[in-house]
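Here is the file coords-v2.txt (compact mmCIF, C-alpha atoms).
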# COMPACT_ATOMS: atom_id res chain seq x y z
CA MET T 219 -36.60 -8.27 45.87
CA SER T 220 -38.31 -11.55 45.01
CA GLY T 221 -37.45 -14.22 47.51
CA PRO T 222 -37.37 -16.90 44.88
CA ILE T 223 -39.20 -19.92 46.25
CA PRO T 224 -42.10 -19.35 48.64
CA GLU T 225 -40.98 -21.78 51.34
CA LEU T 226 -37.27 -22.26 51.56
CA PRO T 227 -36.16 -25.84 51.07
CA SER T 228 -34.38 -27.37 54.03
CA ALA T 229 -30.62 -27.04 54.30
CA ARG T 230 -30.31 -30.80 54.02
CA ARG T 231 -32.34 -30.95 50.82
CA LEU T 232 -30.32 -28.11 49.31
CA LEU T 233 -27.07 -29.79 50.15
CA ARG T 234 -28.29 -33.09 48.76
CA SER T 235 -29.37 -31.41 45.51
CA THR T 236 -26.05 -29.61 45.20
CA VAL T 237 -24.12 -32.82 45.73
CA ILE T 238 -26.28 -34.63 43.17
CA ALA T 239 -25.79 -31.80 40.69
CA ALA T 240 -22.03 -31.96 41.19
CA LEU T 241 -21.92 -35.76 40.91
CA VAL T 242 -23.99 -35.77 37.72
CA ALA T 243 -21.71 -33.06 36.32
CA ALA T 244 -18.62 -35.05 37.27
CA ALA T 245 -20.00 -38.18 35.61
CA ILE T 246 -20.83 -36.29 32.40
CA LEU T 247 -17.41 -34.65 32.43
CA VAL T 248 -15.43 -37.81 32.97
CA THR T 249 -17.33 -40.06 30.58
CA ILE T 250 -18.27 -37.62 27.81
CA VAL T 251 -16.86 -34.10 27.85
CA LEU T 252 -13.22 -34.76 28.76
CA PRO T 253 -12.87 -37.64 26.28
CA ALA T 254 -14.57 -35.66 23.50
CA GLU T 255 -12.74 -32.40 24.09
CA TYR T 256 -9.29 -33.39 25.26
CA GLY T 257 -8.94 -37.13 24.68
CA VAL T 258 -8.74 -37.61 28.44
CA ASP T 259 -10.59 -40.81 29.19
CA PRO T 260 -9.97 -42.28 32.63
CA THR T 261 -12.92 -44.68 32.49
CA GLY T 262 -12.52 -45.99 28.95
CA ILE T 263 -16.19 -45.19 28.27
CA GLY T 264 -15.21 -42.37 25.94
CA ARG T 265 -13.32 -44.78 23.70
CA VAL T 266 -16.24 -47.18 23.57
CA LEU T 267 -18.46 -44.29 22.53
CA GLY T 268 -15.92 -43.13 19.97
CA LEU T 269 -15.52 -39.77 21.69
CA THR T 270 -11.93 -40.21 22.80
CA GLN T 271 -10.75 -40.44 19.19
CA MET T 272 -12.36 -37.07 18.54
CA GLY T 273 -10.73 -35.59 21.63
CA GLU T 274 -7.32 -36.94 20.66
CA THR T 275 -7.58 -35.36 17.26
CA LYS T 276 -8.60 -32.06 18.80
CA ALA T 277 -5.81 -32.24 21.34
CA ALA T 278 -3.24 -32.96 18.64
CA LEU T 279 -4.49 -30.03 16.56
CA ALA T 280 -4.53 -27.75 19.58
CA LYS T 281 -1.01 -28.78 20.44
CA GLU T 282 0.05 -28.04 16.89
CA ALA T 283 -1.66 -24.65 16.99
CA ALA T 284 -0.28 -23.86 20.42
CA GLY T 285 3.15 -23.38 18.95
CA HIS T 286 6.14 -24.98 17.46
CA ASP T 287 7.74 -25.27 20.86
CA ALA T 288 5.64 -28.40 21.21
CA GLU T 289 8.15 -30.16 18.98
CA ASP T 290 10.91 -30.32 21.51
CA ALA T 291 8.60 -31.57 24.22
CA GLY T 292 8.73 -34.85 22.38
CA ASP T 293 5.91 -36.64 24.15
CA PRO T 294 3.01 -37.62 21.93
CA PRO T 295 -0.57 -36.66 22.77
CA ALA T 296 -2.27 -39.20 25.00
CA ALA T 297 -3.12 -40.96 21.75
CA ASP T 298 -3.30 -44.67 21.29
CA THR T 299 -1.47 -44.69 17.99
CA SER T 300 -3.67 -47.53 16.77
CA GLN T 301 -6.69 -45.38 16.08
CA SER T 302 -5.26 -41.99 15.22
CA PRO T 303 -6.89 -40.62 12.07
CA PRO T 304 -4.80 -39.09 9.29
CA MET R 622 -48.42 -17.89 44.76
CA ARG R 623 -49.17 -14.20 44.79
CA ARG R 624 -46.38 -13.63 42.38
CA LEU R 625 -47.76 -16.22 40.02
CA ALA R 626 -51.00 -14.28 39.80
CA THR R 627 -49.26 -11.09 38.78
CA SER R 628 -47.68 -12.56 35.68
CA GLY R 629 -50.04 -11.14 33.12
CA GLY R 630 -50.06 -13.89 30.47
CA THR R 631 -53.43 -15.03 29.24
CA VAL R 632 -52.52 -18.09 27.24
CA ARG R 633 -52.59 -21.35 29.07
CA SER R 634 -50.11 -23.78 27.68
CA ARG R 635 -50.57 -27.47 28.00
CA ALA R 636 -46.99 -28.16 27.09
CA THR R 637 -45.42 -29.98 29.97
CA PRO R 638 -42.37 -28.36 31.51
CA LEU R 639 -40.42 -31.48 30.67
CA VAL R 640 -40.96 -30.87 26.98
CA VAL R 641 -39.89 -27.29 27.46
CA VAL R 642 -36.73 -28.28 29.29
CA PHE R 643 -36.00 -30.88 26.65
CA GLY R 644 -36.48 -28.33 23.90
CA MET R 645 -34.17 -25.89 25.58
CA SER R 646 -31.49 -28.52 26.11
CA LEU R 647 -31.74 -29.36 22.43
CA MET R 648 -31.25 -25.72 21.53
CA LEU R 649 -28.19 -25.61 23.75
CA LEU R 650 -26.75 -28.72 22.17
CA LEU R 651 -27.26 -27.30 18.71
CA ALA R 652 -25.44 -24.18 19.74
CA MET R 653 -22.51 -26.12 21.15
CA PRO R 654 -20.32 -26.81 18.14
CA ALA R 655 -20.13 -23.07 17.45
CA ASP R 656 -16.54 -22.63 18.51
CA ALA R 657 -15.33 -26.14 17.82
CA PHE R 658 -13.41 -24.88 14.82
CA ALA R 659 -12.10 -21.74 16.44
CA HIS R 660 -8.49 -22.91 16.49
CA GLY R 661 -6.01 -23.47 13.74
CA VAL R 662 -6.15 -21.75 10.40
CA ALA R 663 -8.27 -18.64 10.44
CA VAL R 664 -11.44 -19.56 8.65
CA GLY R 665 -15.04 -18.58 9.22
CA ASP R 666 -15.61 -15.44 11.26
CA LYS R 667 -11.98 -15.04 12.23
CA GLY R 668 -10.86 -15.47 8.65
CA TYR R 669 -13.29 -12.78 7.56
CA ILE R 670 -12.20 -10.39 10.30
CA GLN R 671 -8.57 -10.79 9.41
CA SER R 672 -9.28 -10.09 5.76
CA ILE R 673 -10.93 -6.70 6.29
CA PHE R 674 -9.85 -3.21 7.25
CA GLY R 675 -11.72 -0.20 8.53
CA VAL R 676 -15.18 0.24 9.91
CA HIS R 677 -17.75 -2.49 9.27
CA LEU R 678 -20.61 -1.79 11.64
CA ILE R 679 -23.26 -4.24 10.50
CA PRO R 680 -20.97 -7.25 10.14
CA PHE R 681 -19.57 -6.70 13.63
CA ALA R 682 -23.02 -6.16 15.09
CA TYR R 683 -24.04 -9.45 13.49
CA LEU R 684 -21.04 -11.23 15.01
CA GLY R 685 -21.85 -9.82 18.44
CA ALA R 686 -25.45 -10.93 18.18
CA LYS R 687 -24.40 -14.34 16.91
CA HIS R 688 -22.02 -14.78 19.79
CA MET R 689 -24.76 -14.08 22.31
CA VAL R 690 -27.49 -16.14 20.68
CA THR R 691 -25.20 -19.16 20.30
CA GLY R 692 -23.43 -18.64 23.62
CA TYR R 693 -24.95 -21.28 25.85
CA ASP R 694 -23.02 -20.08 28.90
CA HIS R 695 -24.41 -16.55 28.65
CA LEU R 696 -27.88 -17.90 27.96
CA LEU R 697 -27.85 -20.23 30.96
CA PHE R 698 -26.88 -17.35 33.23
CA LEU R 699 -29.54 -15.14 31.70
CA LEU R 700 -32.12 -17.89 32.24
CA GLY R 701 -31.08 -18.05 35.87
CA VAL R 702 -31.32 -14.30 36.29
CA ILE R 703 -34.83 -13.94 34.91
CA PHE R 704 -36.11 -17.25 36.26
CA PHE R 705 -38.08 -15.67 39.09
CA LEU R 706 -38.48 -12.19 37.66
CA TYR R 707 -42.09 -11.59 36.73
CA ARG R 708 -42.37 -7.87 36.22
CA LEU R 709 -41.06 -6.37 33.02
CA ARG R 710 -39.52 -3.54 35.02
CA ASP R 711 -37.41 -5.98 37.03
CA ILE R 712 -36.39 -7.91 33.95
CA GLY R 713 -35.33 -4.66 32.31
CA LEU R 714 -33.38 -3.61 35.39
CA TYR R 715 -31.46 -6.87 35.77
CA VAL R 716 -30.76 -7.24 32.08
CA THR R 717 -29.48 -3.66 32.04
CA LEU R 718 -27.18 -4.42 34.98
CA PHE R 719 -25.87 -7.47 33.18
CA ALA R 720 -25.39 -5.48 29.97
CA LEU R 721 -23.64 -2.69 31.87
CA GLY R 722 -21.27 -5.21 33.42
CA HIS R 723 -20.33 -7.10 30.31
CA SER R 724 -20.10 -4.01 28.09
CA THR R 725 -17.62 -2.41 30.48
CA THR R 726 -15.19 -5.30 30.49
CA LEU R 727 -15.75 -6.12 26.83
CA LEU R 728 -14.55 -2.66 25.83
CA LEU R 729 -11.87 -2.34 28.51
CA GLY R 730 -10.60 -5.86 27.99
CA VAL R 731 -10.13 -5.43 24.26
CA LEU R 732 -8.77 -1.90 24.38
CA THR R 733 -6.23 -2.68 27.09
CA GLY R 734 -5.49 -6.06 25.56
CA VAL R 735 -5.69 -7.70 28.96
CA SER R 736 -5.14 -11.33 28.28
CA VAL R 737 -6.54 -13.46 31.02
CA SER R 738 -6.79 -17.14 30.26
CA ALA R 739 -10.00 -17.71 28.31
CA TYR R 740 -10.33 -21.02 30.14
CA LEU R 741 -10.31 -19.39 33.56
CA ILE R 742 -12.76 -16.70 32.52
CA ASP R 743 -15.09 -19.30 31.06
CA ALA R 744 -14.78 -21.34 34.25
CA ILE R 745 -15.90 -18.28 36.22
CA ILE R 746 -18.80 -17.88 33.80
CA GLY R 747 -19.69 -21.49 34.60
CA LEU R 748 -19.47 -20.56 38.27
CA SER R 749 -21.89 -17.70 37.66
CA VAL R 750 -24.41 -20.24 36.37
CA VAL R 751 -23.94 -22.37 39.49
CA TYR R 752 -24.21 -19.31 41.74
CA LYS R 753 -27.43 -18.10 40.17
CA ALA R 754 -29.03 -21.53 40.30
CA LEU R 755 -28.16 -21.84 44.01
CA ASP R 756 -29.47 -18.33 44.55
CA ASN R 757 -32.74 -19.26 42.83
CA ILE R 758 -33.41 -22.28 45.02
CA GLY R 759 -32.79 -20.19 48.12
CA ALA R 760 -29.57 -21.93 49.11
CA PHE R 761 -27.81 -18.79 50.27
CA GLN R 762 -30.79 -17.68 52.32
CA ARG R 763 -31.00 -21.08 53.94
CA TRP R 764 -27.32 -21.68 54.45
CA PHE R 765 -26.17 -18.20 55.40
CA GLY R 766 -29.40 -16.74 56.70
CA PHE R 767 -29.49 -13.80 54.32
CA GLN R 768 -30.05 -13.02 50.67
CA PRO R 769 -26.87 -11.80 48.97
CA ASN R 770 -27.53 -8.73 46.85
CA THR R 771 -28.87 -10.08 43.57
CA LYS R 772 -28.34 -6.84 41.67
CA ALA R 773 -24.69 -6.66 42.67
CA ALA R 774 -24.17 -10.31 41.74
CA THR R 775 -25.69 -9.73 38.31
CA LEU R 776 -23.45 -6.73 37.72
CA ILE R 777 -20.29 -8.44 38.98
CA PHE R 778 -20.85 -11.63 37.02
CA GLY R 779 -21.69 -9.40 34.06
CA LEU R 780 -18.15 -8.04 34.33
CA PHE R 781 -16.76 -11.56 34.01
CA HIS R 782 -19.02 -12.38 31.08
CA GLY R 783 -17.63 -9.26 29.40
CA PHE R 784 -14.08 -10.44 29.95
CA GLY R 785 -15.10 -13.69 28.30
CA LEU R 786 -16.41 -11.76 25.30
CA ALA R 787 -13.20 -9.72 25.25
CA THR R 788 -10.98 -12.80 25.10
CA LYS R 789 -13.03 -14.08 22.15
CA ILE R 790 -12.62 -10.76 20.34
CA LEU R 791 -8.90 -10.65 21.08
CA ASP R 792 -8.73 -14.10 19.54
CA PHE R 793 -10.21 -12.61 16.36
CA GLU R 794 -7.11 -10.38 16.14
CA MET R 795 -9.05 -7.43 14.82
CA ALA R 796 -7.17 -4.81 12.84
CA PRO R 797 -6.46 -1.63 14.84
CA ASP R 798 -7.94 0.36 11.99
CA GLY R 799 -11.56 1.06 12.92
CA LEU R 800 -11.22 -0.99 16.08
CA ILE R 801 -13.29 1.21 18.37
CA SER R 802 -16.19 1.60 15.98
CA ASN R 803 -16.19 -2.10 15.21
CA LEU R 804 -15.99 -2.92 18.89
CA ILE R 805 -18.96 -0.73 19.72
CA ALA R 806 -20.86 -2.31 16.82
CA PHE R 807 -20.00 -5.72 18.23
CA ASN R 808 -21.20 -4.61 21.64
CA VAL R 809 -24.47 -3.29 20.24
CA GLY R 810 -24.85 -6.62 18.46
CA VAL R 811 -24.32 -8.43 21.76
CA GLU R 812 -27.18 -6.45 23.31
CA ILE R 813 -29.44 -7.10 20.33
CA GLY R 814 -28.61 -10.79 20.49
CA GLN R 815 -29.31 -10.76 24.20
CA LEU R 816 -32.73 -9.18 23.67
CA VAL R 817 -33.56 -11.73 20.98
CA ALA R 818 -32.51 -14.64 23.19
CA LEU R 819 -34.26 -13.11 26.19
CA SER R 820 -37.52 -12.74 24.26
CA ALA R 821 -37.39 -16.40 23.29
CA ILE R 822 -36.66 -17.43 26.87
CA LEU R 823 -39.44 -15.20 28.21
CA VAL R 824 -42.04 -16.57 25.79
CA VAL R 825 -41.28 -20.10 26.95
CA MET R 826 -41.05 -19.11 30.60
CA SER R 827 -44.31 -17.17 30.67
CA HIS R 828 -46.16 -20.13 29.23
CA TRP R 829 -44.49 -22.44 31.66
CA ARG R 830 -45.34 -20.19 34.61
CA GLN R 831 -49.01 -20.56 33.80
CA THR R 832 -48.88 -24.22 34.67
CA THR R 833 -49.61 -25.22 38.23
CA SER R 834 -46.58 -27.47 38.34
CA PHE R 835 -44.17 -24.62 37.61
CA LEU R 836 -42.99 -24.11 41.17
CA ARG R 837 -42.51 -27.83 41.68
CA HIS R 838 -40.39 -28.15 38.54
CA ALA R 839 -38.64 -24.85 39.17
CA TYR R 840 -36.53 -26.39 41.90
CA THR R 841 -35.46 -29.36 39.79
CA THR R 842 -34.78 -27.15 36.80
CA ASN R 843 -32.47 -24.93 38.79
CA VAL R 844 -30.63 -27.95 40.12
CA ALA R 845 -30.23 -29.14 36.52
CA VAL R 846 -28.96 -25.70 35.51
CA MET R 847 -26.53 -25.84 38.42
CA SER R 848 -25.28 -29.19 37.16
CA ALA R 849 -24.77 -27.70 33.70
CA GLY R 850 -22.79 -24.90 35.34
CA PHE R 851 -20.59 -27.48 37.06
CA VAL R 852 -20.01 -29.19 33.71
CA LEU R 853 -18.97 -25.87 32.17
CA MET R 854 -16.60 -25.21 35.05
CA GLY R 855 -15.01 -28.65 34.84
CA TYR R 856 -14.73 -28.44 31.08
CA GLN R 857 -12.91 -25.11 31.22
CA LEU R 858 -10.73 -25.89 34.22
CA ALA R 859 -9.63 -29.15 32.62
CA GLY R 860 -8.88 -27.20 29.44
CA TYR R 861 -6.82 -24.73 31.43
CA PHE R 862 -4.60 -27.38 32.98
CA ILE R 863 -4.34 -29.51 29.86
CA SER R 864 -3.51 -26.58 27.59
CA ARG R 865 -0.62 -25.67 29.88
CA THR R 866 1.03 -28.97 29.03
CA TYR R 867 1.08 -28.21 25.30

Could I get this file's structure written as structure tokens?
Amino acid sequence: MSGPIPELPSARRLLRSTVIAALVAAAILVTIVLPAEYGVDPTGIGRVLGLTQMGETKAALAKEAAGHDAEDAGDPPAADTSQSPP
Amino acid sequence: MRRLATSGGTVRSRATPLVVVFGMSLMLLLAMPADAFAHGVAVGDKGYIQSIFGVHLIPFAYLGAKHMVTGYDHLLFLLGVIFFLYRLRDIGLYVTLFALGHSTTLLLGVLTGVSVSAYLIDAIIGLSVVYKALDNIGAFQRWFGFQPNTKAATLIFGLFHGFGLATKILDFEMAPDGLISNLIAFNVGVEIGQLVALSAILVVMSHWRQTTSFLRHAYTTNVAVMSAGFVLMGYQLAGYFISRTY
């Protein structure tokens, strides 16, 4: 039924928009979402924003909840021990 | 523009689309923390569910409705689906297809206890948002020269959304006693929640469609929705790989 937009955008414009959408998403993921959710912070921006600390706490709790088999794995969560909250 | 003329609203809104988009993003953000506390000790909804036995229709209907109204992934997809639907009949048809899809897998998923990774399912739900946004800006028509069946896509992605709902319910660890009744109540709640959310979306959309700039902003909005879909996908895929290391 409804062909959405009256005149189709050009293939080049569509591709450009898709790439921009993906790049914006990647930037948001890497600087905000991954630090805040998982404590994964490749750029260091998450720590400056205080989000990485939240993510580290969440990751530690998730690891704890995931099972007691985490004990023998022995490696700590990606946490900088300096900032880890009680 | 013919289609614009058929949308029967009479009120002309002066609210700029930007404000509308901003408002909607705000709503989404507010809905976000909903499952932040889902893990660990069973408190909140899960705690309640684990403390009861037997049939509790209204509470489960409420939980289903709550899940839908606060489920930003479902809402984004729904927004994509109805974005260019102007006639009530079409909206009803597509929403029914979506409901048919997610009800099927919701019930089947819980009753068979199929445990697919919630992360992967949610990543596919993110993909459904991306797909619909691309569909809306005509990308498939332009790139592949034809329009993929939109009804089939709505139904198929509905199936995945249902699996997502099923994994959430399985996480509740509902008692087997009264399971089917409670499940159907939950499902009915999901549909009620969907209608409530849809009404809100439609009110905003029909005002927005009255503005002359709608079509211009429609493209950008769908690209933004696509970006949100990519974020959802990345968020869930990262969660999938990271959780495997725990």

Expressed in Å to a single decimal, how great is the separation between atom CA of R:Glu812 and atom CA of R:Phe698?
14.7 Å

Between atom CA of R:Val735 and atom CA of T:Tyr256, what is the spacing in Å?
26.2 Å

Taking 3 positions as the minimum chain separation for residues in the same chain, which residues sit within 7 Å of R:Gly747 when counting all atoms listed in the file? Answer as a ChimeraX atom specification.
/R:694,743-744,750-751,850-851,853-854

Kindly assemble as CSV a list of the chain R residues that lie within 8 Å of chain T, each paired with its nearest atom pair and their distance in Å to one decimal, using all atoms listed in the file, sorted first by chain and then by ascending residue number.
residue,atom,partner,partner_atom,distance
R:Met622,CA,T:Pro224,CA,7.6
R:His660,CA,T:Ala280,CA,7.0
R:Gly661,CA,T:Ala283,CA,5.6
R:Phe705,CA,T:Pro222,CA,6.0
R:Leu706,CA,T:Ser220,CA,7.4
R:Asn757,CA,T:Pro222,CA,5.6
R:Ile758,CA,T:Ile223,CA,6.4
R:Gly759,CA,T:Leu226,CA,6.0
R:Ala760,CA,T:Leu232,CA,6.2
R:Gln762,CA,T:Leu226,CA,8.0
R:Arg763,CA,T:Ala229,CA,6.0
R:Trp764,CA,T:Ala229,CA,6.3
R:Leu836,CA,T:Ile223,CA,7.6
R:Val844,CA,T:Ala239,CA,6.2
R:Ala845,CA,T:Ala239,CA,6.6
R:Met847,CA,T:Ala239,CA,6.4
R:Ser848,CA,T:Ala239,CA,4.4
R:Ala849,CA,T:Ala243,CA,6.7
R:Phe851,CA,T:Ala243,CA,5.7
R:Val852,CA,T:Ala243,CA,5.0
R:Gly855,CA,T:Leu247,CA,6.9
R:Tyr856,CA,T:Val251,CA,6.9
R:Ala859,CA,T:Leu252,CA,7.7
R:Gly860,CA,T:Tyr256,CA,7.5
R:Ile863,CA,T:Tyr256,CA,7.8
R:Ser864,CA,T:Lys281,CA,7.9
R:Tyr867,CA,T:Lys281,CA,5.3

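Atom pair atom CA of R:Ala686 / atom CA of R:His782: separated by 14.5 Å.
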
Within 12 Å of R:Leu819 using only C-alpha atoms, minus same-chain residues under 5 positions, as an mmCIF file with C-alpha atoms, in the frame of the given file:
data_model
loop_
_atom_site.group_PDB
_atom_site.id
_atom_site.type_symbol
_atom_site.label_atom_id
_atom_site.label_comp_id
_atom_site.auth_asym_id
_atom_site.auth_seq_id
_atom_site.Cartn_x
_atom_site.Cartn_y
_atom_site.Cartn_z
ATOM 1 C CA MET R 689 -24.760 -14.080 22.310
ATOM 2 C CA VAL R 690 -27.490 -16.140 20.680
ATOM 3 C CA HIS R 695 -24.410 -16.550 28.650
ATOM 4 C CA LEU R 696 -27.880 -17.900 27.960
ATOM 5 C CA LEU R 697 -27.850 -20.230 30.960
ATOM 6 C CA PHE R 698 -26.880 -17.350 33.230
ATOM 7 C CA LEU R 699 -29.540 -15.140 31.700
ATOM 8 C CA LEU R 700 -32.120 -17.890 32.240
ATOM 9 C CA GLY R 701 -31.080 -18.050 35.870
ATOM 10 C CA VAL R 702 -31.320 -14.300 36.290
ATOM 11 C CA ILE R 703 -34.830 -13.940 34.910
ATOM 12 C CA PHE R 704 -36.110 -17.250 36.260
ATOM 13 C CA LEU R 709 -41.060 -6.370 33.020
ATOM 14 C CA ILE R 712 -36.390 -7.910 33.950
ATOM 15 C CA GLY R 713 -35.330 -4.660 32.310
ATOM 16 C CA TYR R 715 -31.460 -6.870 35.770
ATOM 17 C CA VAL R 716 -30.760 -7.240 32.080
ATOM 18 C CA VAL R 811 -24.320 -8.430 21.760
ATOM 19 C CA GLU R 812 -27.180 -6.450 23.310
ATOM 20 C CA ILE R 813 -29.440 -7.100 20.330
ATOM 21 C CA GLY R 814 -28.610 -10.790 20.490
ATOM 22 C CA VAL R 824 -42.040 -16.570 25.790
ATOM 23 C CA VAL R 825 -41.280 -20.100 26.950
ATOM 24 C CA MET R 826 -41.050 -19.110 30.600
ATOM 25 C CA SER R 827 -44.310 -17.170 30.670
#

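Among the candidate residues R:Thr691, R:Ser749, R:Lys772, R:Thr726, the one lying nearest to R:Val817 is R:Thr691, with distances computed using all atoms listed in the file.
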